[in-house]
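Enquirer: My structure is in my_file-v9.pdb, and what it holds is PDB, N, CA and C atoms:
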MODEL        1
ATOM      1  N   MET Y 199     -27.897  66.480  15.488
ATOM      2  CA  MET Y 199     -27.684  66.105  16.870
ATOM      3  C   MET Y 199     -28.916  65.381  17.386
ATOM      4  N   LYS Y 200     -28.690  64.284  18.063
ATOM      5  CA  LYS Y 200     -29.807  63.501  18.589
ATOM      6  C   LYS Y 200     -30.328  64.115  19.888
ATOM      7  N   ASN Y 201     -31.579  63.882  20.139
ATOM      8  CA  ASN Y 201     -32.185  64.306  21.396
ATOM      9  C   ASN Y 201     -32.217  63.121  22.342
ATOM     10  N   TYR Y 202     -31.708  63.320  23.537
ATOM     11  CA  TYR Y 202     -31.694  62.264  24.540
ATOM     12  C   TYR Y 202     -32.603  62.669  25.689
ATOM     13  N   THR Y 203     -33.116  61.676  26.350
ATOM     14  CA  THR Y 203     -33.932  61.956  27.525
ATOM     15  C   THR Y 203     -33.020  62.151  28.724
ATOM     16  N   PHE Y 204     -33.575  62.730  29.739
ATOM     17  CA  PHE Y 204     -32.808  62.966  30.954
ATOM     18  C   PHE Y 204     -32.307  61.646  31.549
ATOM     19  N   ASP Y 205     -33.092  60.604  31.472
ATOM     20  CA  ASP Y 205     -32.720  59.296  32.016
ATOM     21  C   ASP Y 205     -31.562  58.663  31.257
ATOM     22  N   GLN Y 206     -31.382  59.005  29.992
ATOM     23  CA  GLN Y 206     -30.309  58.442  29.180
ATOM     24  C   GLN Y 206     -28.963  59.145  29.396
ATOM     25  N   LEU Y 207     -28.992  60.319  29.961
ATOM     26  CA  LEU Y 207     -27.765  61.098  30.102
ATOM     27  C   LEU Y 207     -26.660  60.381  30.881
ATOM     28  N   PRO Y 208     -26.932  59.766  32.026
ATOM     29  CA  PRO Y 208     -25.831  59.083  32.735
ATOM     30  C   PRO Y 208     -25.167  57.998  31.882
ATOM     31  N   TYR Y 209     -25.947  57.249  31.136
ATOM     32  CA  TYR Y 209     -25.397  56.194  30.281
ATOM     33  C   TYR Y 209     -24.474  56.794  29.222
ATOM     34  N   PHE Y 210     -24.911  57.838  28.549
ATOM     35  CA  PHE Y 210     -24.102  58.437  27.498
ATOM     36  C   PHE Y 210     -22.886  59.177  28.061
ATOM     37  N   MET Y 211     -23.027  59.754  29.228
ATOM     38  CA  MET Y 211     -21.873  60.405  29.859
ATOM     39  C   MET Y 211     -20.802  59.368  30.187
ATOM     40  N   LYS Y 212     -21.227  58.198  30.663
ATOM     41  CA  LYS Y 212     -20.278  57.127  30.961
ATOM     42  C   LYS Y 212     -19.572  56.676  29.683
ATOM     43  N   LYS Y 213     -20.316  56.521  28.591
ATOM     44  CA  LYS Y 213     -19.733  56.116  27.307
ATOM     45  C   LYS Y 213     -18.720  57.152  26.822
ATOM     46  N   ILE Y 214     -19.062  58.412  26.948
ATOM     47  CA  ILE Y 214     -18.155  59.483  26.518
ATOM     48  C   ILE Y 214     -16.879  59.453  27.355
ATOM     49  N   ASP Y 215     -17.040  59.261  28.646
ATOM     50  CA  ASP Y 215     -15.890  59.208  29.546
ATOM     51  C   ASP Y 215     -14.966  58.047  29.179
ATOM     52  N   GLU Y 216     -15.535  56.880  28.885
ATOM     53  CA  GLU Y 216     -14.735  55.714  28.494
ATOM     54  C   GLU Y 216     -13.991  55.972  27.198
ATOM     55  N   ARG Y 217     -14.653  56.598  26.260
ATOM     56  CA  ARG Y 217     -14.015  56.894  24.974
ATOM     57  C   ARG Y 217     -12.869  57.890  25.150
ATOM     58  N   LEU Y 218     -13.072  58.886  25.991
ATOM     59  CA  LEU Y 218     -12.002  59.855  26.251
ATOM     60  C   LEU Y 218     -10.798  59.189  26.903
ATOM     61  N   ASP Y 219     -11.057  58.277  27.845
ATOM     62  CA  ASP Y 219      -9.961  57.544  28.483
ATOM     63  C   ASP Y 219      -9.164  56.761  27.442
ATOM     64  N   LYS Y 220      -9.850  56.104  26.511
ATOM     65  CA  LYS Y 220      -9.170  55.334  25.463
ATOM     66  C   LYS Y 220      -8.340  56.248  24.571
ATOM     67  N   ILE Y 221      -8.890  57.380  24.211
ATOM     68  CA  ILE Y 221      -8.169  58.337  23.363
ATOM     69  C   ILE Y 221      -6.918  58.840  24.079
ATOM     70  N   GLU Y 222      -7.045  59.181  25.355
ATOM     71  CA  GLU Y 222      -5.891  59.657  26.123
ATOM     72  C   GLU Y 222      -4.810  58.583  26.206
ATOM     73  N   ASP Y 223      -5.211  57.336  26.434
ATOM     74  CA  ASP Y 223      -4.243  56.233  26.490
ATOM     75  C   ASP Y 223      -3.512  56.085  25.163
ATOM     76  N   LEU Y 224      -4.250  56.130  24.074
ATOM     77  CA  LEU Y 224      -3.629  56.005  22.756
ATOM     78  C   LEU Y 224      -2.662  57.149  22.480
ATOM     79  N   LEU Y 225      -3.066  58.353  22.832
ATOM     80  CA  LEU Y 225      -2.198  59.504  22.599
ATOM     81  C   LEU Y 225      -0.933  59.441  23.450
ATOM     82  N   SER Y 226      -1.065  59.061  24.707
ATOM     83  CA  SER Y 226       0.116  58.996  25.573
ATOM     84  C   SER Y 226       1.060  57.882  25.139
ATOM     85  N   LYS Y 227       0.523  56.735  24.734
ATOM     86  CA  LYS Y 227       1.366  55.639  24.251
ATOM     87  C   LYS Y 227       2.067  56.028  22.959
ATOM     88  N   GLY Y 228       1.350  56.691  22.074
ATOM     89  CA  GLY Y 228       1.930  57.112  20.802
ATOM     90  C   GLY Y 228       3.043  58.111  20.989
ATOM     91  N   SER Y 229       2.863  59.068  21.890
ATOM     92  CA  SER Y 229       3.912  60.074  22.094
ATOM     93  C   SER Y 229       5.114  59.474  22.802
ATOM     94  N   GLN Y 230       4.903  58.513  23.705
ATOM     95  CA  GLN Y 230       6.034  57.855  24.371
ATOM     96  C   GLN Y 230       6.850  57.049  23.378
ATOM     97  N   MET Y 231       6.171  56.334  22.482
ATOM     98  CA  MET Y 231       6.875  55.545  21.485
ATOM     99  C   MET Y 231       7.624  56.451  20.525
ATOM    100  N   GLU Y 232       7.018  57.544  20.142
ATOM    101  CA  GLU Y 232       7.646  58.464  19.202
ATOM    102  C   GLU Y 232       8.911  59.052  19.797
ATOM    103  N   VAL Y 233       8.877  59.441  21.059
ATOM    104  CA  VAL Y 233      10.042  60.025  21.706
ATOM    105  C   VAL Y 233      11.147  58.995  21.848
ATOM    106  N   SER Y 234      10.819  57.788  22.280
ATOM    107  CA  SER Y 234      11.858  56.798  22.524
ATOM    108  C   SER Y 234      12.502  56.316  21.226
ATOM    109  N   GLU Y 235      11.735  56.199  20.149
ATOM    110  CA  GLU Y 235      12.282  55.692  18.902
ATOM    111  C   GLU Y 235      13.040  56.752  18.121
ATOM    112  N   ASN Y 236      12.586  57.972  18.148
ATOM    113  CA  ASN Y 236      13.161  59.006  17.303
ATOM    114  C   ASN Y 236      13.781  60.138  18.104
ATOM    115  N   ASP Y 237      14.210  59.877  19.309
ATOM    116  CA  ASP Y 237      14.656  60.943  20.186
ATOM    117  C   ASP Y 237      16.021  61.482  19.789
ATOM    118  N   PHE Y 238      16.945  60.650  19.355
ATOM    119  CA  PHE Y 238      18.301  61.112  19.112
ATOM    120  C   PHE Y 238      18.528  61.476  17.656
ATOM    121  N   MET Y 239      19.391  62.497  17.460
ATOM    122  CA  MET Y 239      19.689  62.957  16.101
ATOM    123  C   MET Y 239      21.149  63.372  16.021
ATOM    124  N   ASN Y 240      21.613  63.558  14.806
ATOM    125  CA  ASN Y 240      23.001  63.973  14.598
ATOM    126  C   ASN Y 240      23.101  65.503  14.622
ATOM    127  N   ALA Y 241      24.312  66.010  14.454
ATOM    128  CA  ALA Y 241      24.548  67.451  14.553
ATOM    129  C   ALA Y 241      23.822  68.221  13.453
ATOM    130  N   LYS Y 242      23.800  67.670  12.257
ATOM    131  CA  LYS Y 242      23.135  68.369  11.157
ATOM    132  C   LYS Y 242      21.650  68.548  11.449
ATOM    133  N   ASN Y 243      20.993  67.469  11.895
ATOM    134  CA  ASN Y 243      19.565  67.555  12.222
ATOM    135  C   ASN Y 243      19.312  68.480  13.411
ATOM    136  N   ALA Y 244      20.219  68.436  14.393
ATOM    137  CA  ALA Y 244      20.071  69.311  15.557
ATOM    138  C   ALA Y 244      20.207  70.776  15.152
ATOM    139  N   SER Y 245      21.157  71.064  14.266
ATOM    140  CA  SER Y 245      21.327  72.455  13.823
ATOM    141  C   SER Y 245      20.100  72.937  13.057
ATOM    142  N   GLU Y 246      19.500  72.057  12.271
ATOM    143  CA  GLU Y 246      18.279  72.421  11.549
ATOM    144  C   GLU Y 246      17.119  72.644  12.516
ATOM    145  N   LEU Y 247      17.012  71.768  13.518
ATOM    146  CA  LEU Y 247      15.948  71.904  14.506
ATOM    147  C   LEU Y 247      16.071  73.228  15.253
ATOM    148  N   LEU Y 248      17.293  73.593  15.618
ATOM    149  CA  LEU Y 248      17.537  74.817  16.381
ATOM    150  C   LEU Y 248      17.640  76.049  15.489
ATOM    151  N   ASN Y 249      17.670  75.831  14.181
ATOM    152  CA  ASN Y 249      17.834  76.916  13.217
ATOM    153  C   ASN Y 249      19.178  77.626  13.418
ATOM    154  N   PHE Y 250      20.228  76.841  13.667
ATOM    155  CA  PHE Y 250      21.608  77.320  13.784
ATOM    156  C   PHE Y 250      22.387  76.798  12.591
ATOM    157  N   SER Y 251      23.472  77.488  12.257
ATOM    158  CA  SER Y 251      24.410  76.901  11.309
ATOM    159  C   SER Y 251      25.189  75.820  12.062
ATOM    160  N   LEU Y 252      25.811  74.908  11.323
ATOM    161  CA  LEU Y 252      26.618  73.874  11.980
ATOM    162  C   LEU Y 252      27.753  74.507  12.778
ATOM    163  N   ALA Y 253      28.357  75.554  12.237
ATOM    164  CA  ALA Y 253      29.451  76.229  12.938
ATOM    165  C   ALA Y 253      28.979  76.790  14.275
ATOM    166  N   THR Y 254      27.813  77.405  14.288
ATOM    167  CA  THR Y 254      27.265  77.947  15.543
ATOM    168  C   THR Y 254      26.983  76.828  16.533
ATOM    169  N   LEU Y 255      26.434  75.720  16.054
ATOM    170  CA  LEU Y 255      26.163  74.591  16.942
ATOM    171  C   LEU Y 255      27.460  74.067  17.546
ATOM    172  N   TYR Y 256      28.500  73.894  16.727
ATOM    173  CA  TYR Y 256      29.777  73.394  17.248
ATOM    174  C   TYR Y 256      30.392  74.376  18.246
ATOM    175  N   THR Y 257      30.212  75.671  18.024
ATOM    176  CA  THR Y 257      30.704  76.665  18.985
ATOM    177  C   THR Y 257      29.983  76.503  20.313
ATOM    178  N   LYS Y 258      28.668  76.310  20.256
ATOM    179  CA  LYS Y 258      27.891  76.125  21.488
ATOM    180  C   LYS Y 258      28.258  74.816  22.188
ATOM    181  N   ILE Y 259      28.620  73.804  21.410
ATOM    182  CA  ILE Y 259      29.066  72.536  22.002
ATOM    183  C   ILE Y 259      30.377  72.751  22.746
ATOM    184  N   CYS Y 260      31.325  73.444  22.102
ATOM    185  CA  CYS Y 260      32.627  73.707  22.738
ATOM    186  C   CYS Y 260      32.470  74.495  24.032
ATOM    187  N   LYS Y 261      31.510  75.410  24.060
ATOM    188  CA  LYS Y 261      31.266  76.226  25.260
ATOM    189  C   LYS Y 261      30.345  75.518  26.261
ATOM    190  N   ARG Y 262      29.918  74.298  25.912
ATOM    191  CA  ARG Y 262      28.998  73.503  26.741
ATOM    192  C   ARG Y 262      27.697  74.253  27.011
ATOM    193  N   GLU Y 263      27.199  74.943  26.003
ATOM    194  CA  GLU Y 263      25.954  75.697  26.133
ATOM    195  C   GLU Y 263      24.738  74.892  25.718
ATOM    196  N   VAL Y 264      24.929  73.858  24.941
ATOM    197  CA  VAL Y 264      23.822  73.057  24.431
ATOM    198  C   VAL Y 264      24.016  71.612  24.896
ATOM    199  N   PRO Y 265      22.936  70.914  25.295
ATOM    200  CA  PRO Y 265      23.091  69.534  25.766
ATOM    201  C   PRO Y 265      23.396  68.583  24.605
ATOM    202  N   PHE Y 266      24.375  67.700  24.810
ATOM    203  CA  PHE Y 266      24.741  66.737  23.769
ATOM    204  C   PHE Y 266      25.349  65.497  24.397
ATOM    205  N   TYR Y 267      25.487  64.454  23.592
ATOM    206  CA  TYR Y 267      26.126  63.203  23.988
ATOM    207  C   TYR Y 267      27.244  62.941  23.002
ATOM    208  N   LYS Y 268      28.308  62.332  23.488
ATOM    209  CA  LYS Y 268      29.409  61.984  22.602
ATOM    210  C   LYS Y 268      29.734  60.513  22.798
ATOM    211  N   GLN Y 269      29.727  59.781  21.721
ATOM    212  CA  GLN Y 269      30.077  58.364  21.721
ATOM    213  C   GLN Y 269      31.166  58.200  20.668
ATOM    214  N   GLY Y 270      32.389  57.984  21.113
ATOM    215  CA  GLY Y 270      33.504  57.935  20.169
ATOM    216  C   GLY Y 270      33.684  59.303  19.542
ATOM    217  N   ASN Y 271      33.736  59.363  18.232
ATOM    218  CA  ASN Y 271      33.863  60.638  17.528
ATOM    219  C   ASN Y 271      32.523  61.214  17.093
ATOM    220  N   ARG Y 272      31.442  60.613  17.514
ATOM    221  CA  ARG Y 272      30.112  61.030  17.060
ATOM    222  C   ARG Y 272      29.388  61.816  18.159
ATOM    223  N   LEU Y 273      28.663  62.820  17.703
ATOM    224  CA  LEU Y 273      27.842  63.617  18.604
ATOM    225  C   LEU Y 273      26.375  63.256  18.388
ATOM    226  N   TYR Y 274      25.648  63.197  19.490
ATOM    227  CA  TYR Y 274      24.221  62.905  19.437
ATOM    228  C   TYR Y 274      23.475  63.935  20.275
ATOM    229  N   PHE Y 275      22.270  64.226  19.858
ATOM    230  CA  PHE Y 275      21.451  65.211  20.543
ATOM    231  C   PHE Y 275      20.073  64.624  20.775
ATOM    232  N   SER Y 276      19.563  64.820  21.983
ATOM    233  CA  SER Y 276      18.208  64.378  22.317
ATOM    234  C   SER Y 276      17.243  65.482  21.922
ATOM    235  N   ARG Y 277      16.264  65.123  21.115
ATOM    236  CA  ARG Y 277      15.257  66.087  20.668
ATOM    237  C   ARG Y 277      14.565  66.720  21.888
ATOM    238  N   GLN Y 278      14.176  65.890  22.860
ATOM    239  CA  GLN Y 278      13.472  66.403  24.034
ATOM    240  C   GLN Y 278      14.366  67.330  24.854
ATOM    241  N   GLU Y 279      15.640  66.962  25.012
ATOM    242  CA  GLU Y 279      16.549  67.823  25.775
ATOM    243  C   GLU Y 279      16.786  69.148  25.061
ATOM    244  N   LEU Y 280      16.822  69.131  23.740
ATOM    245  CA  LEU Y 280      16.979  70.389  23.006
ATOM    246  C   LEU Y 280      15.746  71.271  23.188
ATOM    247  N   PHE Y 281      14.550  70.681  23.155
ATOM    248  CA  PHE Y 281      13.337  71.458  23.396
ATOM    249  C   PHE Y 281      13.331  72.017  24.820
ATOM    250  N   ASP Y 282      13.750  71.202  25.787
ATOM    251  CA  ASP Y 282      13.819  71.667  27.175
ATOM    252  C   ASP Y 282      14.822  72.805  27.311
ATOM    253  N   TRP Y 283      15.959  72.688  26.617
ATOM    254  CA  TRP Y 283      16.993  73.723  26.638
ATOM    255  C   TRP Y 283      16.436  75.032  26.085
ATOM    256  N   ILE Y 284      15.681  74.950  25.015
ATOM    257  CA  ILE Y 284      15.071  76.149  24.440
ATOM    258  C   ILE Y 284      14.112  76.777  25.444
ATOM    259  N   LYS Y 285      13.306  75.940  26.100
ATOM    260  CA  LYS Y 285      12.326  76.452  27.064
ATOM    261  C   LYS Y 285      12.989  77.120  28.259
ATOM    262  N   GLU Y 286      14.187  76.664  28.644
ATOM    263  CA  GLU Y 286      14.901  77.264  29.764
ATOM    264  C   GLU Y 286      15.250  78.726  29.487
ATOM    265  N   GLY Y 287      15.358  79.085  28.227
ATOM    266  CA  GLY Y 287      15.728  80.445  27.864
ATOM    267  C   GLY Y 287      14.557  81.405  27.783
ATOM    268  N   ARG Y 288      13.382  80.953  28.202
ATOM    269  CA  ARG Y 288      12.196  81.817  28.115
ATOM    270  C   ARG Y 288      12.372  83.037  29.000
ATOM    271  N   LYS Y 289      12.092  84.175  28.419
ATOM    272  CA  LYS Y 289      12.135  85.439  29.162
ATOM    273  C   LYS Y 289      10.722  85.792  29.592
ATOM    274  N   LYS Y 290      10.622  86.347  30.783
ATOM    275  CA  LYS Y 290       9.308  86.697  31.310
ATOM    276  C   LYS Y 290       8.727  87.897  30.570
ATOM    277  N   THR Y 291       7.410  87.876  30.410
ATOM    278  CA  THR Y 291       6.718  89.016  29.827
ATOM    279  C   THR Y 291       6.502  90.060  30.914
ATOM    280  N   LEU Y 292       6.111  91.252  30.518
ATOM    281  CA  LEU Y 292       5.817  92.290  31.505
ATOM    282  C   LEU Y 292       4.682  91.862  32.427
ATOM    283  N   ASN Y 293       3.709  91.141  31.887
ATOM    284  CA  ASN Y 293       2.605  90.645  32.727
ATOM    285  C   ASN Y 293       3.124  89.659  33.763
ATOM    286  N   ASP Y 294       4.062  88.773  33.372
ATOM    287  CA  ASP Y 294       4.650  87.823  34.324
ATOM    288  C   ASP Y 294       5.389  88.564  35.431
ATOM    289  N   ILE Y 295       6.164  89.570  35.041
ATOM    290  CA  ILE Y 295       6.946  90.341  36.022
ATOM    291  C   ILE Y 295       6.012  91.087  36.969
ATOM    292  N   ASN Y 296       4.966  91.694  36.426
ATOM    293  CA  ASN Y 296       4.004  92.406  37.277
ATOM    294  C   ASN Y 296       3.297  91.462  38.233
ATOM    295  N   ALA Y 297       2.940  90.269  37.757
ATOM    296  CA  ALA Y 297       2.275  89.288  38.620
ATOM    297  C   ALA Y 297       3.210  88.850  39.743
ATOM    298  N   ASP Y 298       4.487  88.622  39.417
ATOM    299  CA  ASP Y 298       5.463  88.246  40.448
ATOM    300  C   ASP Y 298       5.628  89.371  41.466
ATOM    301  N   ALA Y 299       5.692  90.616  40.988
ATOM    302  CA  ALA Y 299       5.853  91.757  41.893
ATOM    303  C   ALA Y 299       4.646  91.883  42.814
ATOM    304  N   THR Y 300       3.458  91.660  42.271
ATOM    305  CA  THR Y 300       2.239  91.729  43.077
ATOM    306  C   THR Y 300       2.254  90.663  44.170
ATOM    307  N   LYS Y 301       2.703  89.466  43.826
ATOM    308  CA  LYS Y 301       2.789  88.393  44.820
ATOM    309  C   LYS Y 301       3.772  88.753  45.931
ATOM    310  N   ILE Y 302       4.904  89.329  45.561
ATOM    311  CA  ILE Y 302       5.923  89.696  46.554
ATOM    312  C   ILE Y 302       5.387  90.779  47.480
ATOM    313  N   VAL Y 303       4.745  91.799  46.910
ATOM    314  CA  VAL Y 303       4.177  92.886  47.719
ATOM    315  C   VAL Y 303       3.104  92.329  48.646
ATOM    316  N   SER Y 304       2.274  91.415  48.148
ATOM    317  CA  SER Y 304       1.231  90.825  48.984
ATOM    318  C   SER Y 304       1.843  90.035  50.131
ATOM    319  N   ALA Y 305       2.882  89.297  49.841
ATOM    320  CA  ALA Y 305       3.548  88.510  50.887
ATOM    321  C   ALA Y 305       4.174  89.424  51.923
ATOM    322  N   MET Y 306       4.760  90.526  51.478
ATOM    323  CA  MET Y 306       5.389  91.455  52.423
ATOM    324  C   MET Y 306       4.338  92.144  53.293
ATOM    325  N   ASN Y 307       3.185  92.460  52.711
ATOM    326  CA  ASN Y 307       2.113  93.090  53.470
ATOM    327  C   ASN Y 307       1.525  92.145  54.512
ATOM    328  N   LYS Y 308       1.479  90.854  54.205
ATOM    329  CA  LYS Y 308       0.959  89.867  55.154
ATOM    330  C   LYS Y 308       1.876  89.710  56.347
ATOM    331  N   LYS Y 309       3.185  89.882  56.148
ATOM    332  CA  LYS Y 309       4.160  89.729  57.233
ATOM    333  C   LYS Y 309       4.069  90.884  58.232
ATOM    334  N   LYS Y 310       3.567  92.024  57.787
ATOM    335  CA  LYS Y 310       3.505  93.217  58.670
ATOM    336  C   LYS Y 310       2.461  93.098  59.708
TER     337      LYS Y 310
ENDMDL
END
Taking this structure as input, can you express it in the form of structure tokens?
Expert:
Amino acid sequence: MKNYTFDQLPYFMKKIDERLDKIEDLLSKGSQMEVSENDFMNAKNASELLNFSLATLYTKICKREVPFYKQGNRLYFSRQELFDWIKEGRKKTLNDINADATKIVSAMNKKK
């Protein structure tokens, strides 16, 4: 590690900040391109992604439980929408429930 003088610190901090901005731009552009180009998949790939059998996936499609697109006789699934669907099913932990209860009790005490 190099030793810098106190006077050099603002210059190097600016350089680091510029480099971080460039890295963030590259990462955001890369992830946007990846999502737009490879976002849609067929039923087989969707079942593998969700770790379901094809039969289970088709059952969920019939019940309209999983997000999908239909074009003619073909089914398509958005990778991002499937991830969002999975996240919607998140169950709260005991810590989350306790934190929510504490907030409610605090709000009720403030109203008194």
Enquirer: Evaluating the PyMOL selection byres ((chain Y and resi 251-266) around 7) on the displayed file yields which residues, as a list in words?
Expert: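 With the PyMOL selection byres ((chain Y and resi 251-266) around 7) on this model, the match is Ala241, Lys242, Ser245, Glu246, Leu248, Asn249, Phe250, Tyr267, Lys268, Leu273, Tyr274, Phe275, Ser276, Glu279, Leu280 and Trp283 of chain Y.
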Enquirer: Could you please write out, as a PyMOL selection string, every residue of range 247-284 of chain Y that DSSP assigns to strand (DSSP E or B)?
Expert: chain Y and resi 267-269+272-276
Enquirer: How would the residues just chosen look if you wrote them out with N, CA and C atoms as a PDB file, in the frame of the given file?
Expert:
ATOM      1  N   TYR Y 267      25.487  64.454  23.592  1.00  0.00           N
ATOM      2  CA  TYR Y 267      26.126  63.203  23.988  1.00  0.00           C
ATOM      3  C   TYR Y 267      27.244  62.941  23.002  1.00  0.00           C
ATOM      4  N   LYS Y 268      28.308  62.332  23.488  1.00  0.00           N
ATOM      5  CA  LYS Y 268      29.409  61.984  22.602  1.00  0.00           C
ATOM      6  C   LYS Y 268      29.734  60.513  22.798  1.00  0.00           C
ATOM      7  N   GLN Y 269      29.727  59.781  21.721  1.00  0.00           N
ATOM      8  CA  GLN Y 269      30.077  58.364  21.721  1.00  0.00           C
ATOM      9  C   GLN Y 269      31.166  58.200  20.668  1.00  0.00           C
ATOM     10  N   ARG Y 272      31.442  60.613  17.514  1.00  0.00           N
ATOM     11  CA  ARG Y 272      30.112  61.030  17.060  1.00  0.00           C
ATOM     12  C   ARG Y 272      29.388  61.816  18.159  1.00  0.00           C
ATOM     13  N   LEU Y 273      28.663  62.820  17.703  1.00  0.00           N
ATOM     14  CA  LEU Y 273      27.842  63.617  18.604  1.00  0.00           C
ATOM     15  C   LEU Y 273      26.375  63.256  18.388  1.00  0.00           C
ATOM     16  N   TYR Y 274      25.648  63.197  19.490  1.00  0.00           N
ATOM     17  CA  TYR Y 274      24.221  62.905  19.437  1.00  0.00           C
ATOM     18  C   TYR Y 274      23.475  63.935  20.275  1.00  0.00           C
ATOM     19  N   PHE Y 275      22.270  64.226  19.858  1.00  0.00           N
ATOM     20  CA  PHE Y 275      21.451  65.211  20.543  1.00  0.00           C
ATOM     21  C   PHE Y 275      20.073  64.624  20.775  1.00  0.00           C
ATOM     22  N   SER Y 276      19.563  64.820  21.983  1.00  0.00           N
ATOM     23  CA  SER Y 276      18.208  64.378  22.317  1.00  0.00           C
ATOM     24  C   SER Y 276      17.243  65.482  21.922  1.00  0.00           C
TER      25      SER Y 276
END
Enquirer: Calculate how many Å separate CA of Leu207 in chain Y from CA of Ser226 in chain Y, rounding to one decimal.
Expert: 28.3 Å
Enquirer: Got a sec to tell me which of chain Y DSSP assigns to helix (DSSP H, G or I), as a PyMOL selection string?
Expert: chain Y and resi 204-236+241-248+252-260+277-286+292-309
Enquirer: Go ahead and fit an axis-aligned box to every listed atom of range 291-294 of chain Y plus 8 Å each side, and pass me the centre and edge lengths in Å, one decimal, as AutoDock Vina command-line options.
Expert:
--center_x 5.0 --center_y 90.1 --center_z 32.6 --size_x 20.8 --size_y 20.5 --size_z 21.6
Enquirer: With only C-alpha atoms as the basis for distance, which of Y:Phe210, Y:Asn293, Y:Arg277, Y:Asp298 is at the shortest distance from Ala244 in chain Y?
Expert: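 Among Y:Phe210, Y:Asn293, Y:Arg277, Y:Asp298, it is Y:Arg277 that comes nearest to Ala244 in chain Y.
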Enquirer: Restricting the calculation to only N, CA and C atoms, which member of Y:Asn240, Y:Asp215, Y:Asp223, Y:Asn307 is positioned closest to Arg272 in chain Y?
Expert: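 Nearest to Arg272 in chain Y: Y:Asn240.
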Enquirer: Find the distance between CA of Met306 in chain Y and atom C of Leu292 in chain Y and write it in Å to one decimal.
Expert: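 That distance, rounded to one decimal, is 20.0 Å.
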Enquirer: Mind giving me the straight-line distance from atom N of Asp282 in chain Y to atom C of Ile221 in chain Y in Å, one decimal?
Expert: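 Interatomic distance, atom N of Asp282 in chain Y to atom C of Ile221 in chain Y: 24.1 Å.
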Enquirer: Reconstruct N, CA, C and O atoms of range 266-278 of chain Y; output as an mmCIF file, keeping the file's coordinate frame.
Expert:
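Heads up, here's the output in part13.cif:
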data_model
loop_
_atom_site.group_PDB
_atom_site.id
_atom_site.type_symbol
_atom_site.label_atom_id
_atom_site.label_comp_id
_atom_site.auth_asym_id
_atom_site.auth_seq_id
_atom_site.Cartn_x
_atom_site.Cartn_y
_atom_site.Cartn_z
ATOM 1 N N PHE Y 266 24.375 67.700 24.810
ATOM 2 C CA PHE Y 266 24.741 66.737 23.769
ATOM 3 C C PHE Y 266 25.349 65.497 24.397
ATOM 4 O O PHE Y 266 25.688 65.478 25.582
ATOM 5 N N TYR Y 267 25.487 64.454 23.592
ATOM 6 C CA TYR Y 267 26.126 63.203 23.988
ATOM 7 C C TYR Y 267 27.244 62.941 23.002
ATOM 8 O O TYR Y 267 27.136 63.262 21.816
ATOM 9 N N LYS Y 268 28.308 62.332 23.488
ATOM 10 C CA LYS Y 268 29.409 61.984 22.602
ATOM 11 C C LYS Y 268 29.734 60.513 22.798
ATOM 12 O O LYS Y 268 29.992 60.061 23.908
ATOM 13 N N GLN Y 269 29.727 59.781 21.721
ATOM 14 C CA GLN Y 269 30.077 58.364 21.721
ATOM 15 C C GLN Y 269 31.166 58.200 20.668
ATOM 16 O O GLN Y 269 30.894 58.300 19.479
ATOM 17 N N GLY Y 270 32.389 57.984 21.113
ATOM 18 C CA GLY Y 270 33.504 57.935 20.169
ATOM 19 C C GLY Y 270 33.684 59.303 19.542
ATOM 20 O O GLY Y 270 33.778 60.311 20.237
ATOM 21 N N ASN Y 271 33.736 59.363 18.232
ATOM 22 C CA ASN Y 271 33.863 60.638 17.528
ATOM 23 C C ASN Y 271 32.523 61.214 17.093
ATOM 24 O O ASN Y 271 32.476 62.190 16.371
ATOM 25 N N ARG Y 272 31.442 60.613 17.514
ATOM 26 C CA ARG Y 272 30.112 61.030 17.060
ATOM 27 C C ARG Y 272 29.388 61.816 18.159
ATOM 28 O O ARG Y 272 29.467 61.491 19.335
ATOM 29 N N LEU Y 273 28.663 62.820 17.703
ATOM 30 C CA LEU Y 273 27.842 63.617 18.604
ATOM 31 C C LEU Y 273 26.375 63.256 18.388
ATOM 32 O O LEU Y 273 25.940 63.056 17.251
ATOM 33 N N TYR Y 274 25.648 63.197 19.490
ATOM 34 C CA TYR Y 274 24.221 62.905 19.437
ATOM 35 C C TYR Y 274 23.475 63.935 20.275
ATOM 36 O O TYR Y 274 23.990 64.426 21.286
ATOM 37 N N PHE Y 275 22.270 64.226 19.858
ATOM 38 C CA PHE Y 275 21.451 65.211 20.543
ATOM 39 C C PHE Y 275 20.073 64.624 20.775
ATOM 40 O O PHE Y 275 19.489 64.022 19.883
ATOM 41 N N SER Y 276 19.563 64.820 21.983
ATOM 42 C CA SER Y 276 18.208 64.378 22.317
ATOM 43 C C SER Y 276 17.243 65.482 21.922
ATOM 44 O O SER Y 276 17.385 66.643 22.341
ATOM 45 N N ARG Y 277 16.264 65.123 21.115
ATOM 46 C CA ARG Y 277 15.257 66.087 20.668
ATOM 47 C C ARG Y 277 14.565 66.720 21.888
ATOM 48 O O ARG Y 277 14.401 67.933 21.954
ATOM 49 N N GLN Y 278 14.176 65.890 22.860
ATOM 50 C CA GLN Y 278 13.472 66.403 24.034
ATOM 51 C C GLN Y 278 14.366 67.330 24.854
ATOM 52 O O GLN Y 278 13.928 68.374 25.321
#
